[in-house]
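Have a look at the structure below, then the notes.
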Amino acid sequence: MHSKIIKELPDLIKNEVISKEVALKIESYYRSKEEDTPNKLFLVFGVFGSLLIGLGLILILAHNWDQFSRAIKTIFAFLPLIIGQLFVGYSILKKKSRTWKEASGTFLFFAVGASMALVSQIYHLPGDLSSFLLTWMLLCLPVIYLLKSHVLGILHIVFATYFACESGYGYSSSGNSPWLYILMIALVLPHYYMLLKQNPKANITSLLNWFIPLSATIVLGAFVETNYSIGFLLYIILFGLFYNIGKIPFFYKQQLRRNGYIIIGSIGTIIILLWTSFTWIWEDLIREVVFFSNEFYIAIALFLGTLAVLGYSYYKKWMKEFHLFQYVFIFFSMLFFFGFSSETIPTILVNVLLFVLGLITIKIGADRFHFGVLNYGLFIITSLVVCRFFDTNMSFVIRGLLFVTVGFGFFITNYWMLKKQKQILKK
Amino acid sequence: MKTIHLFILFVLVALIQLFVPAQMIFNQENTLDEGKAYKFRTQPIDPTDPFRGKYITLRYDINAYPTTDSIWEPQQDIFVYLKTDSLGFAKIDQVSKIPLEAESEYIIAIVNVYDKYQDVLRIHLPFDRFYMKETKAKDAEIAHRKAQRDSLPNNTYALVFVKDGASVLENVFINDIPISDYVEK
């Protein structure tokens with residue numbers, strides 16, 4: 001980015017946009033900035049190198065070299081671990097650069113896994129994959145804080161997700177809820193908080209802004225043991241929580257692509273609503289729901305948490321205007337618990353809700369001149385129409401007309417906005 | 001925090017990282033050195049673990065224990081007391097929910113389920129994985145199946161060292177030959 005600006009300077013001088021002195025000042029400013037920051041590319045390659053070597057090591061050891069004696073295999077179990085520890089110790093003691101710390105930390109992470117795996121092999125230790133992953137994560141957790149390593153933080157979240165899927169979704173598991181996942185994520189949150197406070201605009205922070213909600217979305221289903229219909233409620237509340245977190249000014253003021261919470265929250269809400277816009281879902285819900293189950297209590301806890309975020313935003317006067325998306329989880333929860341008398345009323349209400357959400361999104365897009373948001377709104381309405389296409393009890397003519405109308409809607413709104421934008425530019 | 005403090009903390013973490021596998025090794029070696037060896041009739045099948053490689057899962061003849069005591073919870077600890085039969089294979093002497101003052105060696109295992117239709121207690125023994133070289137695990141399963149077809153009854157067994165409730169799987173044999181050598185033949 002900086003080199004691009006520097007390259008443009010001679011052209012700007014030639015066309016007399018800036019003077020030579022200004023050009024010199026700009027150049028020296030960016031050169032001094034470059035010297036302060038470590039080479040990002042070097043950091044990325046360093047980390048990827050360690051990651052690949054570490055993973056490769058695990059795979060090589062997993063071959064199970066039975067021609068070696070137990071003693072030699074034991075030495076091989078400790079060798080990578082000690083090498084990793086020496087590198088990490090050296091980076092701490094000599095206050096080495098970020099690149100050193102991240103790369104050595106990543107290597108140590110996999111060396112710990114390799115060492116445990118090899119010992120398990122040598123002695124044919126029992127224990128399923130989830131307990132193996134848990135011990136591995138716990139052994140590497142302190143290193144995140146000692147090195148202030150962001151890559152280790154991400155690896156921890158990825159492995160916590162893997163652990164939760166293995167113990168919650170795995171066919172060998174007896175459908176146990178992975179409660180320890182919550183603890184694992186809670187243990188990495190102080191690091192995330194520090195990062196948000198010190199480097200809110202760093203790329204790594206925005207990566208975590210995506211990884212944390214994504215991980216929670218993947219894992220939440222593992223807490224649903226038998227009561228599948230409450231799964232819909234759980235997910236819509238979770239997405240409501242993400243949306244409301246994403247609306248906190250700290251996240252909301254950043255670029256949209258850095259705000260994983262609001263994007264996952266919004267798209268997730270729409271997907272669940274589209275799903276529950278079919279009548280047969282509500283017919284099944286009525287038959288299946290068991291109150292006062294494990295899933296039910298989790299739903300209540302999540303609901304209260306989301307309500308707390310919403311209340312806090314209100315208290316802090318962050319909510320300047322009414323956004324229906326923020327309240328969808330309340331509306332849906334009421335439907336879920338009071339809509340059991342018939343399946344028609346909740347179906348109609350969910351369809352209306354989706355339609356209104358689509359319209360509101362289009363309006364927001366139009367007001368802010370944001371083509372992405374405008375088309376997202378249109379996309380919501382299109383999806384709704386496509387879903388209704390599969391409900392066979394609607395006449396073909398009506399369905400056809402609906403499609404044509406929405407198609408025109410795409411053209412007209414985009415054309416209108418382009419025109420308006422050009423007018424403003426002319427002014 | 002000062003660098004030296006950080007470093008001292010890291011040394012502590014590094015020691016824990018070294019201690020955990022070392023402890024695992026020490027416990028196993030202790031049982032191998034001082035434990036009593038038992039042979040368990042078994043049947044191997046081969047799955048994969050992404051980090052630890054190929055292994056064979058071992059199903060044992062003594063995984064099912066006939067008993068009329070039906071008050072067992074799944075995942076409950078169970079003390080399995082051992083004896084040997086006339087051919088030298090391990091058999092269950094008795095099972096208990098609490099440790100007994102018995103002379104014989106025991107294993108701490110886990111209850112799978114009580115099968116009330118057959119009055120059988122299904123037990124999960126803690127040595128059900130035998131890690132093998134990746135090229136040999138599948139062959140091991142096939143070799144066992146072939147060995148089953150000969151005149152002898154089940155001639156595949158696991159050699160397990162047992163001491164004070166702990167157990168270490170030392171090797172698996174087909175016709176008294178270690179399974180990895182048997183596969184190579």
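Ordering of the structure tokens sets the chain letters (A, B, ...), residue numbers begin anew at 1 in every chain, and ligands are numbered from 1 in the order given.
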What are the residues of chain B lining chain A at 7 Å or less? Count only C-alpha atoms, and put the answer as a list in words. Thr3, Ile4, Leu6, Phe7, Phe10, Val13, Ala14, Gln17, Pro21, Ile25, Gln28, Phe51, Arg52, Gly53, Pro126, Phe127, Asp128, Arg129, Phe130, Tyr131, Met132, Lys133, Glu134, Val168 and Leu169 of chain B
Can you pull out every residue within 8 Å of region 419-421 of chain A, counting only C-alpha atoms, but drop anything in the same chain fewer than 4 positions away, and send it as a ChimeraX atom specification? /A:369,415,425
Do you have the CA of Phe79 (chain B)-CA of Pro47 (chain B) distance handy?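 Computing the Euclidean distance for CA of Phe79 (chain B) and CA of Pro47 (chain B) yields 27.9 Å.
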Please provide the set of residues having any atom within 6 Å of Asp93 (chain B), restricted to only C-alpha atoms, with same-chain residues fewer than 2 positions apart removed, written as a list in words.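 Using only C-alpha atoms, the neighbours found are Tyr81, Leu82 and Lys83 of chain B.
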Those selected residues, please, written with N, CA and C atoms and delivered as a PDB file, in the first residue's frame.
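Generated file (result01.pdb):
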```
ATOM      1  N   TYR B  81     -12.046 -58.347  38.793  1.00  0.00           N
ATOM      2  CA  TYR B  81     -11.016 -59.231  39.376  1.00  0.00           C
ATOM      3  C   TYR B  81     -10.760 -60.404  38.448  1.00  0.00           C
ATOM      4  N   LEU B  82      -9.476 -60.736  38.259  1.00  0.00           N
ATOM      5  CA  LEU B  82      -9.095 -61.692  37.213  1.00  0.00           C
ATOM      6  C   LEU B  82      -8.627 -63.028  37.779  1.00  0.00           C
ATOM      7  N   LYS B  83      -8.806 -64.066  36.972  1.00  0.00           N
ATOM      8  CA  LYS B  83      -8.150 -65.364  37.235  1.00  0.00           C
ATOM      9  C   LYS B  83      -7.776 -65.944  35.879  1.00  0.00           C
TER      10      LYS B  83
END
```
For Asn176 (chain A), please output as a list in words all residues within 8 Å (counting only C-alpha atoms; exclusion window: fewer than 6 positions along the same chain).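 Those residues are Ser167, Gly168, Ala222, Phe223 and Glu225 of chain A.
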Write the residues of the preceding selection, restricted to C-alpha atoms, as a compact mmCIF listing (two decimals), in the first residue's frame.
```txt
# COMPACT_ATOMS: atom_id res chain seq x y z
CA SER A 167 -17.31 -35.11 21.82
CA GLY A 168 -20.73 -33.68 20.93
CA ALA A 222 -23.62 -30.27 19.83
CA PHE A 223 -25.55 -29.15 22.91
CA GLU A 225 -29.02 -33.99 22.48
```
Near Val162 (chain B), counting only C-alpha atoms, which residues have an atom at most 10 Å away, once you skip same-chain residues fewer than 3 positions from it, shown as a PDB file with C-alpha atoms, in the first residue's frame?
```pdb
ATOM      1  CA  THR B  31       2.958 -51.567  35.414  1.00  0.00           C
ATOM      2  CA  LEU B  32       5.027 -53.328  32.739  1.00  0.00           C
ATOM      3  CA  ASP B  33       7.898 -53.946  35.180  1.00  0.00           C
ATOM      4  CA  GLU B  34       5.978 -54.988  38.244  1.00  0.00           C
ATOM      5  CA  GLY B  35       2.578 -56.048  36.940  1.00  0.00           C
ATOM      6  CA  LYS B  36       1.319 -59.573  36.336  1.00  0.00           C
ATOM      7  CA  ALA B  37       0.873 -60.627  32.688  1.00  0.00           C
ATOM      8  CA  TYR B  38      -2.529 -61.863  31.473  1.00  0.00           C
ATOM      9  CA  LEU B  82      -9.095 -61.692  37.213  1.00  0.00           C
ATOM     10  CA  GLU B 105      -5.257 -58.701  40.461  1.00  0.00           C
ATOM     11  CA  TYR B 106      -7.960 -56.354  39.205  1.00  0.00           C
ATOM     12  CA  ILE B 107      -8.574 -53.840  36.430  1.00  0.00           C
ATOM     13  CA  LEU B 159      -0.802 -59.651  26.490  1.00  0.00           C
ATOM     14  CA  GLY B 165      -5.980 -51.618  38.896  1.00  0.00           C
ATOM     15  CA  ALA B 166      -3.693 -50.170  36.191  1.00  0.00           C
ATOM     16  CA  SER B 167      -3.195 -52.086  32.968  1.00  0.00           C
ATOM     17  CA  VAL B 168      -0.788 -51.778  30.041  1.00  0.00           C
ATOM     18  CA  LEU B 169      -1.276 -53.542  26.719  1.00  0.00           C
TER      19      LEU B 169
END
```
From the set B:Thr57, B:Asp115, B:Val80, B:Val11, which residue has the shortest atom-to-atom contact distance to Pro99 (chain B), counting only C-alpha atoms?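 Answer, going by the shortest atom-to-atom distance: B:Val80.
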Return as JSON, numbers by chain the full set of residues in chain B whose backbone-based DSSP assignment is strand (DSSP E). {"B": [36, 37, 38, 39, 40, 41, 42, 43, 44, 45, 48, 49, 53, 54, 55, 56, 57, 58, 59, 60, 64, 65, 66, 77, 78, 79, 80, 81, 82, 83, 84, 90, 91, 92, 93, 94, 95, 96, 106, 107, 108, 109, 110, 111, 112, 113, 114, 115, 120, 121, 122, 123, 124, 129, 130, 131, 156, 157, 158, 159, 160, 161, 162, 163, 166, 167, 168, 169, 170, 171, 172, 173, 174, 177, 178]}
Selection to disk with C-alpha atoms, as an mmCIF file, in the first residue's frame:
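again-v8.cif, freshly written:
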```cif
data_model
loop_
_atom_site.group_PDB
_atom_site.id
_atom_site.type_symbol
_atom_site.label_atom_id
_atom_site.label_comp_id
_atom_site.auth_asym_id
_atom_site.auth_seq_id
_atom_site.Cartn_x
_atom_site.Cartn_y
_atom_site.Cartn_z
ATOM 1 C CA LYS B 36 1.319 -59.573 36.336
ATOM 2 C CA ALA B 37 0.873 -60.627 32.688
ATOM 3 C CA TYR B 38 -2.529 -61.863 31.473
ATOM 4 C CA LYS B 39 -3.596 -63.109 28.068
ATOM 5 C CA PHE B 40 -6.992 -61.834 26.865
ATOM 6 C CA ARG B 41 -8.685 -63.541 23.939
ATOM 7 C CA THR B 42 -9.514 -60.835 21.445
ATOM 8 C CA GLN B 43 -10.752 -59.876 17.982
ATOM 9 C CA PRO B 44 -9.122 -56.930 16.203
ATOM 10 C CA ILE B 45 -10.645 -54.427 13.719
ATOM 11 C CA THR B 48 -7.657 -44.510 12.244
ATOM 12 C CA ASP B 49 -6.930 -41.628 14.596
ATOM 13 C CA GLY B 53 -2.190 -42.988 13.390
ATOM 14 C CA LYS B 54 -3.630 -46.405 12.627
ATOM 15 C CA TYR B 55 -4.653 -48.745 15.366
ATOM 16 C CA ILE B 56 -6.695 -51.868 15.799
ATOM 17 C CA THR B 57 -9.631 -51.857 18.161
ATOM 18 C CA LEU B 58 -9.704 -54.930 20.323
ATOM 19 C CA ARG B 59 -12.928 -56.619 21.349
ATOM 20 C CA TYR B 60 -12.438 -59.112 24.177
ATOM 21 C CA ALA B 64 -19.553 -59.611 28.491
ATOM 22 C CA TYR B 65 -19.957 -60.962 32.041
ATOM 23 C CA PRO B 66 -23.057 -62.977 32.956
ATOM 24 C CA ASP B 77 -16.394 -47.549 37.246
ATOM 25 C CA ILE B 78 -16.206 -51.289 37.760
ATOM 26 C CA PHE B 79 -13.517 -53.352 39.490
ATOM 27 C CA VAL B 80 -12.874 -56.475 37.441
ATOM 28 C CA TYR B 81 -11.016 -59.231 39.376
ATOM 29 C CA LEU B 82 -9.095 -61.692 37.213
ATOM 30 C CA LYS B 83 -8.150 -65.364 37.235
ATOM 31 C CA THR B 84 -6.754 -67.654 34.544
ATOM 32 C CA ALA B 90 -7.634 -64.414 31.546
ATOM 33 C CA LYS B 91 -11.148 -64.879 32.929
ATOM 34 C CA ILE B 92 -13.262 -62.742 35.186
ATOM 35 C CA ASP B 93 -13.241 -64.038 38.747
ATOM 36 C CA GLN B 94 -15.715 -61.496 40.066
ATOM 37 C CA VAL B 95 -16.795 -57.890 39.492
ATOM 38 C CA SER B 96 -17.543 -55.224 42.068
ATOM 39 C CA TYR B 106 -7.960 -56.354 39.205
ATOM 40 C CA ILE B 107 -8.574 -53.840 36.430
ATOM 41 C CA ILE B 108 -10.575 -50.626 36.789
ATOM 42 C CA ALA B 109 -12.888 -50.683 33.757
ATOM 43 C CA ILE B 110 -16.098 -48.897 32.721
ATOM 44 C CA VAL B 111 -19.610 -50.307 32.481
ATOM 45 C CA ASN B 112 -21.109 -50.045 28.995
ATOM 46 C CA VAL B 113 -24.605 -51.248 29.753
ATOM 47 C CA TYR B 114 -26.468 -54.010 31.555
ATOM 48 C CA ASP B 115 -28.256 -56.214 29.032
ATOM 49 C CA VAL B 120 -25.184 -59.939 30.832
ATOM 50 C CA LEU B 121 -23.062 -57.003 31.961
ATOM 51 C CA ARG B 122 -21.175 -55.390 29.059
ATOM 52 C CA ILE B 123 -17.798 -54.029 30.159
ATOM 53 C CA HIS B 124 -15.425 -51.643 28.408
ATOM 54 C CA ARG B 129 -6.464 -49.772 21.229
ATOM 55 C CA PHE B 130 -3.318 -51.279 19.747
ATOM 56 C CA TYR B 131 -1.395 -48.786 17.581
ATOM 57 C CA THR B 156 -5.565 -64.225 18.949
ATOM 58 C CA TYR B 157 -4.824 -62.745 22.331
ATOM 59 C CA ALA B 158 -3.580 -59.531 23.902
ATOM 60 C CA LEU B 159 -0.802 -59.651 26.490
ATOM 61 C CA VAL B 160 -1.681 -57.182 29.230
ATOM 62 C CA PHE B 161 0.289 -56.320 32.370
ATOM 63 C CA VAL B 162 -1.886 -55.598 35.374
ATOM 64 C CA LYS B 163 -0.943 -53.975 38.669
ATOM 65 C CA ALA B 166 -3.693 -50.170 36.191
ATOM 66 C CA SER B 167 -3.195 -52.086 32.968
ATOM 67 C CA VAL B 168 -0.788 -51.778 30.041
ATOM 68 C CA LEU B 169 -1.276 -53.542 26.719
ATOM 69 C CA GLU B 170 2.148 -54.925 25.806
ATOM 70 C CA ASN B 171 1.460 -56.740 22.559
ATOM 71 C CA VAL B 172 -1.106 -58.685 20.545
ATOM 72 C CA PHE B 173 -0.348 -62.245 19.413
ATOM 73 C CA ILE B 174 -1.765 -64.553 16.756
ATOM 74 C CA ILE B 177 3.567 -64.757 17.270
ATOM 75 C CA PRO B 178 3.482 -60.939 17.777
#
```
What's the 7 Å shell around Thr347 (chain A), counting only C-alpha atoms, without same-chain residues fewer than 4 positions away, as a PDB file with N, CA and C atoms, in the first residue's frame?
```
ATOM      1  N   SER A 277     -40.198 -20.824   7.912  1.00  0.00           N
ATOM      2  CA  SER A 277     -41.323 -20.231   7.176  1.00  0.00           C
ATOM      3  C   SER A 277     -42.157 -21.313   6.506  1.00  0.00           C
ATOM      4  N   PHE A 278     -41.731 -22.580   6.657  1.00  0.00           N
ATOM      5  CA  PHE A 278     -42.515 -23.701   6.117  1.00  0.00           C
ATOM      6  C   PHE A 278     -43.483 -24.225   7.181  1.00  0.00           C
ATOM      7  N   THR A 279     -44.668 -24.584   6.760  1.00  0.00           N
ATOM      8  CA  THR A 279     -45.671 -25.058   7.728  1.00  0.00           C
ATOM      9  C   THR A 279     -45.249 -26.351   8.408  1.00  0.00           C
ATOM     10  N   GLU A 343     -50.454 -24.370  13.733  1.00  0.00           N
ATOM     11  CA  GLU A 343     -49.207 -24.172  12.990  1.00  0.00           C
ATOM     12  C   GLU A 343     -49.340 -23.039  11.972  1.00  0.00           C
ATOM     13  N   ASN A 351     -43.379 -15.502   7.959  1.00  0.00           N
ATOM     14  CA  ASN A 351     -43.304 -15.004   6.580  1.00  0.00           C
ATOM     15  C   ASN A 351     -43.388 -13.478   6.534  1.00  0.00           C
TER      16      ASN A 351
END
```
Polymer residues at most 10 Å from Val350 (chain A), only C-alpha atoms, same-chain spacing of 3 or more positions, as a count of residues only: 17
How many Å lie between CA of Glu101 (chain B) and CA of Trp72 (chain B), rounded to one decimal? 21.0 Å
From a DSSP pass on the backbone, collect the residues of region 34-98 of chain B flagged as helix (DSSP H, G or I) and hand them back as a list in words.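 Assigned to helix (DSSP H, G or I), within region 34-98 of chain B: Glu34, Asp61, Ile62 and Asn63 of chain B.
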For the residues in the current selection, export N, CA and C atoms as a compact mmCIF listing (two decimals), in the first residue's frame.
```txt
# COMPACT_ATOMS: atom_id res chain seq x y z
N GLU B 34 6.38 -54.31 37.01
CA GLU B 34 5.98 -54.99 38.24
C GLU B 34 4.64 -55.70 38.14
N ASP B 61 -13.24 -61.34 24.62
CA ASP B 61 -14.26 -62.32 24.97
C ASP B 61 -14.88 -62.00 26.33
N ILE B 62 -14.05 -61.41 27.21
CA ILE B 62 -14.59 -61.14 28.56
C ILE B 62 -15.26 -59.77 28.65
N ASN B 63 -15.55 -59.14 27.49
CA ASN B 63 -16.30 -57.88 27.51
C ASN B 63 -17.71 -58.08 28.05
```
